[in-house]
Amino acid sequence: MKHRIVVVGAGYAGAYVAGNLTRRLSPADTEITVVNAEPDFVERLRLHQLAAGHEIEAPKLADVFAGTGIRLRLARVTAVDPERQVVAIAGADGGELGYDTLVYALGSHVADHGVPGVAEHAFHVTARPAALRLRERLDRLVRRGGGGRVLVVGDGLTGIETATEFAESRPSLSVALIARGELGARLSDGARSHLRQACDRLGITVLEHTSVEAVEATRVLCADGTALASDATVWTAGFSVSPIAAASGLKVTENGQIVVDDTMRSVSHPNVYAAGDSAHAIGDNGRPLPMSCASAGSTGRQATDAIVGRLTGREIAKSKLDYPGNHISLGRRDGILQMVDDEARAKPKYVGGRKAARIKSGILQISLWGISHPTFGLPKRKRRLAATPGVSAEKALA
């Protein structure tokens with residue numbers, strides 16, 4: 001009987017792991033199934049551009065995995081039972097999927113932090129349908145003659161990129177960025193100055209040291225009693241993971257991330273691996289890796305190497321688990337590349353302007369190409385499993 005590998009989630013981490021596993025493991029011994037709710041691969045890092053009115057690629061997962069042997073199930077994961085080793089799914093062909101090895105990569109979604117009105121009235125850019133809804137709202141504001149007021153709540157990377165993209169792409173709109181503290185506080189002095197100059201150039205109103213207490217249909221209420229009028233409120237003030245892992249009995253952190261060892265293996269259930277935002281992984285500097293595309297890449301590589309190593313009886317290759325820095329888009333022609341040290345503190349030097357924008361664009365293009373071509377560099381000899389019935393030890397380790 002073939003070893004059943006189920007990958008839940010086909011974002012940057014899940015799609016990467018599935019593609020690399022099918023490149024390296026023999027189909028004679030393994031059966032790989034990917035479960036994803038959406039039919040397309042979503043470039044989450046570019047959803048703010050989609051909302052701003054730009055077209056971004058959305059390759060069909062059926063096309064991405066065509067000819068690889070990967071089985072694609074378009075369904076929503078509703079539960080995981082690690083004791084019975086099954087995943088419950090809902091959809092046209094719902095039911096349960098059994099697994100021998102599970103890769104949990106369901107990613108993250110917007111977190112309202114309990115602020116009233118966010119779920120009912122705010123937009124976000126963490127999913128393609130949500131970005132398209134926001135795009136429709138911005139289109140309506142522009143069609144009615146411009147002058148619409150857009151409030152972006154949150155001054156993390158997503159908030160900064162969203163505000164600058166909207167201001168550049170929709171100049172008739174009035175864009176404001178609400179920062180809980182100082183704008184760009186984690187950047188170096190030079191990068192922080194560059195960010196402020198970009199906001200000034202684009203006409204973005206920056207409201208620092210401002211805390212939002214409630215979101216209403218046409219305004220945002222702040223902790224100091226201020227009411228800010230808004231035609232479209234975009235919430236980027238944090239992310240959270242699916243509650244499915246916590247409900248399953250897997251060991252998780254307070255925020256629901258799966259606690260893993262340095263090979264991305266669940267510390268409570270050894271046949272479950274986590275990658276991307278779903279994993280609470282400790283980096284080489286002793287700090288938890290942040291939710292990011294970079295972390296999806298490093299945790300995905302390590303999970304792949306660990307699964308291949310353990311199933312084939314080989315030594316497990318160790319990936320570098322670090323976070324080198326932040327790549328921030330400031331519209332389409334400007335950006336910031338801020339490197340950090342081993343303590344996650346910003347280094348004094350940074351790259352800004354068009355060069356930084358080109359670097360960020362190149363990273364996104366390489367990531368999309370890699371996901372879209374999972375069998376590129378396909379090994380001539382795929383590895384057989386060490387414990388496959390009927391396969392000798394010599395062949396299993398060949």
# chains A, B, ... in the order shown; residues from 1 in each chain; ligands from 1

$ residues_around --residues "region 50-61 of chain A" --least-positions-apart "3" --cutoff "6 Å" --atoms "only C-alpha atoms" --output "PyMOL selection string"
chain A and resi 39-42+47+64+131-132+134-135+166

$ residues_around --residues "region 202-204 of chain A" --least-positions-apart "3" --cutoff "7 Å" --atoms "only C-alpha atoms" --output "compact mmCIF listing (two decimals) with N, CA and C atoms, in the first residue's frame"
# COMPACT_ATOMS: atom_id res chain seq x y z
N ALA A 167 -2.63 54.97 -3.05
CA ALA A 167 -2.39 56.39 -3.32
C ALA A 167 -1.79 56.61 -4.69
N GLU A 168 -0.92 55.71 -5.13
CA GLU A 168 -0.29 55.85 -6.43
C GLU A 168 -1.25 55.47 -7.56
N VAL A 175 -6.15 59.03 0.81
CA VAL A 175 -5.70 57.85 1.55
C VAL A 175 -5.04 58.28 2.86
N ALA A 176 -5.46 57.64 3.95
CA ALA A 176 -4.85 57.88 5.25
C ALA A 176 -4.38 56.55 5.82
N LEU A 177 -3.24 56.57 6.50
CA LEU A 177 -2.65 55.38 7.12
C LEU A 177 -2.63 55.58 8.63
N ALA A 198 8.10 59.10 0.97
CA ALA A 198 7.21 58.45 0.00
C ALA A 198 5.75 58.77 0.32
N CYS A 199 5.40 58.73 1.60
CA CYS A 199 4.02 59.06 1.99
C CYS A 199 3.69 60.51 1.65

$ atom_distance --atom1 "CA of Glu213 (chain A)" --atom2 "CA of Gly181 (chain A)"
14.9 Å

$ residues_around --residues "region 237-248 of chain A" --least-positions-apart "5" --cutoff "8 Å" --atoms "only C-alpha atoms" --output "list in words"
Thr78, Ala79, Val80, Asp81, Pro82, Leu106, Gly107, Ser108, His109, Val110, Ala111, Asp112, His113, Val153, Gly154, Asp155, Gly156, Gly159, Asn255, Gly256, Gln257, Ile258, Asp277 and Ser278 of chain A

$ write_last_selection --atoms "N, CA and C atoms" --output "PDB file, in the first residue's frame"
ATOM      1  N   THR A  78     -12.261  21.233   7.238  1.00  0.00           N
ATOM      2  CA  THR A  78     -13.086  21.590   8.389  1.00  0.00           C
ATOM      3  C   THR A  78     -12.544  21.055   9.704  1.00  0.00           C
ATOM      4  N   ALA A  79     -11.744  20.002   9.652  1.00  0.00           N
ATOM      5  CA  ALA A  79     -11.198  19.434  10.883  1.00  0.00           C
ATOM      6  C   ALA A  79     -10.042  18.498  10.557  1.00  0.00           C
ATOM      7  N   VAL A  80      -9.195  18.301  11.543  1.00  0.00           N
ATOM      8  CA  VAL A  80      -8.109  17.324  11.460  1.00  0.00           C
ATOM      9  C   VAL A  80      -8.195  16.447  12.701  1.00  0.00           C
ATOM     10  N   ASP A  81      -8.129  15.139  12.508  1.00  0.00           N
ATOM     11  CA  ASP A  81      -8.129  14.197  13.621  1.00  0.00           C
ATOM     12  C   ASP A  81      -6.806  13.438  13.589  1.00  0.00           C
ATOM     13  N   PRO A  82      -5.804  13.907  14.333  1.00  0.00           N
ATOM     14  CA  PRO A  82      -4.485  13.259  14.277  1.00  0.00           C
ATOM     15  C   PRO A  82      -4.442  11.876  14.914  1.00  0.00           C
ATOM     16  N   LEU A 106      -2.222  25.717   6.253  1.00  0.00           N
ATOM     17  CA  LEU A 106      -3.444  26.476   6.001  1.00  0.00           C
ATOM     18  C   LEU A 106      -3.250  27.987   6.094  1.00  0.00           C
ATOM     19  N   GLY A 107      -2.056  28.429   6.468  1.00  0.00           N
ATOM     20  CA  GLY A 107      -1.754  29.850   6.409  1.00  0.00           C
ATOM     21  C   GLY A 107      -2.460  30.664   7.479  1.00  0.00           C
ATOM     22  N   SER A 108      -2.711  31.933   7.154  1.00  0.00           N
ATOM     23  CA  SER A 108      -3.304  32.858   8.119  1.00  0.00           C
ATOM     24  C   SER A 108      -4.348  33.720   7.438  1.00  0.00           C
ATOM     25  N   HIS A 109      -5.120  34.422   8.251  1.00  0.00           N
ATOM     26  CA  HIS A 109      -6.137  35.332   7.734  1.00  0.00           C
ATOM     27  C   HIS A 109      -6.166  36.571   8.615  1.00  0.00           C
ATOM     28  N   VAL A 110      -6.963  37.539   8.223  1.00  0.00           N
ATOM     29  CA  VAL A 110      -7.009  38.801   8.957  1.00  0.00           C
ATOM     30  C   VAL A 110      -7.521  38.572  10.378  1.00  0.00           C
ATOM     31  N   ALA A 111      -6.948  39.309  11.340  1.00  0.00           N
ATOM     32  CA  ALA A 111      -7.356  39.220  12.737  1.00  0.00           C
ATOM     33  C   ALA A 111      -7.956  40.545  13.167  1.00  0.00           C
ATOM     34  N   ASP A 112      -9.178  40.495  13.722  1.00  0.00           N
ATOM     35  CA  ASP A 112      -9.825  41.752  14.123  1.00  0.00           C
ATOM     36  C   ASP A 112      -9.478  42.163  15.547  1.00  0.00           C
ATOM     37  N   HIS A 113      -8.810  41.275  16.305  1.00  0.00           N
ATOM     38  CA  HIS A 113      -8.390  41.560  17.682  1.00  0.00           C
ATOM     39  C   HIS A 113      -9.558  41.993  18.558  1.00  0.00           C
ATOM     40  N   VAL A 153      -5.936  50.791   8.199  1.00  0.00           N
ATOM     41  CA  VAL A 153      -5.631  50.636   9.624  1.00  0.00           C
ATOM     42  C   VAL A 153      -4.535  49.591   9.791  1.00  0.00           C
ATOM     43  N   GLY A 154      -3.405  50.017  10.344  1.00  0.00           N
ATOM     44  CA  GLY A 154      -2.285  49.104  10.541  1.00  0.00           C
ATOM     45  C   GLY A 154      -1.067  49.561   9.771  1.00  0.00           C
ATOM     46  N   ASP A 155       0.068  49.687  10.463  1.00  0.00           N
ATOM     47  CA  ASP A 155       1.278  50.197   9.819  1.00  0.00           C
ATOM     48  C   ASP A 155       2.350  49.131   9.687  1.00  0.00           C
ATOM     49  N   GLY A 156       1.935  47.853   9.638  1.00  0.00           N
ATOM     50  CA  GLY A 156       2.886  46.800   9.308  1.00  0.00           C
ATOM     51  C   GLY A 156       3.176  46.825   7.819  1.00  0.00           C
ATOM     52  N   GLY A 159       0.022  47.033   5.628  1.00  0.00           N
ATOM     53  CA  GLY A 159      -0.608  48.347   5.669  1.00  0.00           C
ATOM     54  C   GLY A 159       0.144  49.382   4.863  1.00  0.00           C
ATOM     55  N   ASN A 255      -1.734  31.499  20.137  1.00  0.00           N
ATOM     56  CA  ASN A 255      -2.386  32.038  18.937  1.00  0.00           C
ATOM     57  C   ASN A 255      -2.777  30.954  17.938  1.00  0.00           C
ATOM     58  N   GLY A 256      -2.582  29.670  18.293  1.00  0.00           N
ATOM     59  CA  GLY A 256      -3.047  28.575  17.448  1.00  0.00           C
ATOM     60  C   GLY A 256      -2.041  28.009  16.477  1.00  0.00           C
ATOM     61  N   GLN A 257      -0.802  28.520  16.472  1.00  0.00           N
ATOM     62  CA  GLN A 257       0.223  27.949  15.592  1.00  0.00           C
ATOM     63  C   GLN A 257       0.695  26.603  16.134  1.00  0.00           C
ATOM     64  N   ILE A 258       1.000  25.683  15.219  1.00  0.00           N
ATOM     65  CA  ILE A 258       1.455  24.347  15.619  1.00  0.00           C
ATOM     66  C   ILE A 258       2.903  24.422  16.098  1.00  0.00           C
ATOM     67  N   ASP A 277       2.786  30.143   7.799  1.00  0.00           N
ATOM     68  CA  ASP A 277       2.227  30.867   8.935  1.00  0.00           C
ATOM     69  C   ASP A 277       1.635  29.950   9.991  1.00  0.00           C
ATOM     70  N   SER A 278       1.291  28.717   9.623  1.00  0.00           N
ATOM     71  CA  SER A 278       0.681  27.779  10.568  1.00  0.00           C
ATOM     72  C   SER A 278       1.677  27.232  11.574  1.00  0.00           C
TER      73      SER A 278
END

$ residues_around --residues "Leu25 (chain A)" --least-positions-apart "6" --cutoff "12 Å" --atoms "only C-alpha atoms" --output "PyMOL selection string"
chain A and resi 2-5+17-19+31-32+68-70+304-305+307-312+375+378-386+396

$ write_last_selection --atoms "C-alpha atoms" --output "compact mmCIF listing (two decimals), in the first residue's frame"
# COMPACT_ATOMS: atom_id res chain seq x y z
CA LYS A 2 1.32 3.44 -0.91
CA HIS A 3 2.30 5.97 1.76
CA ARG A 4 -0.37 8.67 1.76
CA ILE A 5 0.86 12.25 2.04
CA VAL A 17 6.17 21.36 -0.29
CA ALA A 18 3.81 19.37 -2.53
CA GLY A 19 5.79 20.19 -5.67
CA GLU A 31 0.48 9.14 -3.08
CA ILE A 32 0.36 12.93 -2.67
CA THR A 68 3.00 15.62 -11.58
CA GLY A 69 0.91 12.80 -10.15
CA ILE A 70 -0.39 15.09 -7.40
CA THR A 304 10.30 18.69 2.69
CA ASP A 305 13.83 17.62 3.60
CA ILE A 307 9.80 14.10 5.21
CA VAL A 308 12.06 12.83 2.42
CA GLY A 309 14.85 11.95 4.84
CA ARG A 310 12.67 10.06 7.29
CA LEU A 311 10.67 8.17 4.68
CA THR A 312 13.72 7.08 2.69
CA THR A 375 8.73 19.47 -11.64
CA LEU A 378 12.98 16.63 -11.97
CA PRO A 379 15.49 14.04 -10.65
CA LYS A 380 16.17 11.14 -12.99
CA ARG A 381 15.89 8.72 -10.08
CA LYS A 382 13.22 9.38 -7.48
CA ARG A 383 13.80 7.98 -4.01
CA ARG A 384 12.02 4.84 -2.85
CA LEU A 385 10.70 4.56 0.67
CA ALA A 386 12.73 2.61 3.18
CA ALA A 396 15.05 1.36 -0.67

$ residues_around --residues "Val86 (chain A)" --least-positions-apart "4" --cutoff "6 Å" --atoms "only C-alpha atoms" --output "list in words"
Asp81, Leu97, Gly98 and Tyr99 of chain A

$ write_last_selection --atoms "N, CA and C atoms" --output "mmCIF file, in the first residue's frame"
data_model
loop_
_atom_site.group_PDB
_atom_site.id
_atom_site.type_symbol
_atom_site.label_atom_id
_atom_site.label_comp_id
_atom_site.auth_asym_id
_atom_site.auth_seq_id
_atom_site.Cartn_x
_atom_site.Cartn_y
_atom_site.Cartn_z
ATOM 1 N N ASP A 81 -8.129 15.139 12.508
ATOM 2 C CA ASP A 81 -8.129 14.197 13.621
ATOM 3 C C ASP A 81 -6.806 13.438 13.589
ATOM 4 N N LEU A 97 -10.380 12.320 4.387
ATOM 5 C CA LEU A 97 -9.182 11.843 3.697
ATOM 6 C C LEU A 97 -8.245 11.244 4.742
ATOM 7 N N GLY A 98 -7.841 10.006 4.546
ATOM 8 C CA GLY A 98 -6.870 9.399 5.428
ATOM 9 C C GLY A 98 -5.461 9.769 5.011
ATOM 10 N N TYR A 99 -4.552 9.825 5.968
ATOM 11 C CA TYR A 99 -3.158 10.147 5.650
ATOM 12 C C TYR A 99 -2.216 9.317 6.507
#

$ residues_around --residues "Lys349 (chain A)" --least-positions-apart "6" --cutoff "10 Å" --atoms "only C-alpha atoms" --output "list of chain:residue names"
A:Leu187, A:Ser188, A:Asp189, A:Gly190, A:Ala191, A:Leu337, A:Gln338, A:Met339, A:Val340

$ closest_residue --among "A:Val206, A:His269, A:Thr233, A:Ile160" --to "Arg84 (chain A)" --atoms "only C-alpha atoms"
A:His269

$ select_by_dssp --residues "region 195-389 of chain A" --states "helix (DSSP H, G or I)" --output "MDAnalysis selection string"
chainID A and resid 195:202 244:248 276:278 293:312 354:372

$ residues_around --residues "Cys293 (chain A)" --least-positions-apart "4" --cutoff "8 Å" --atoms "only C-alpha atoms" --output "PyMOL selection string"
chain A and resi 12+45+276+297

$ atom_distance --atom1 "CA of Thr101 (chain A)" --atom2 "CA of Met1 (chain A)"
13.8 Å

$ closest_residue --among "A:Arg287, A:Gly313, A:Val150, A:Leu364" --to "Asp342 (chain A)" --atoms "only C-alpha atoms"
A:Arg287

$ select_by_dssp --residues "region 120-189 of chain A" --states "strand (DSSP E or B)" --output "list of chain:residue names"
A:Phe123, A:Arg149, A:Val150, A:Leu151, A:Val152, A:Val153, A:Ser174, A:Val175, A:Ala176, A:Leu177, A:Ile178

$ atom_distance --atom1 "CA of His209 (chain A)" --atom2 "CA of Arg180 (chain A)"
4.7 Å

$ closest_residue --among "A:Leu228, A:Ala357, A:Ala303, A:Val351" --to "Gly331 (chain A)" --atoms "only C-alpha atoms"
A:Ala357

$ closest_residue --among "A:Ala227, A:Ile371, A:Leu250, A:Ala232" --to "Asn271 (chain A)" --atoms "only C-alpha atoms"
A:Leu250

$ closest_residue --among "A:Ala275, A:Val212, A:Ala356, A:Leu74" --to "Met291 (chain A)" --atoms "only C-alpha atoms"
A:Ala275
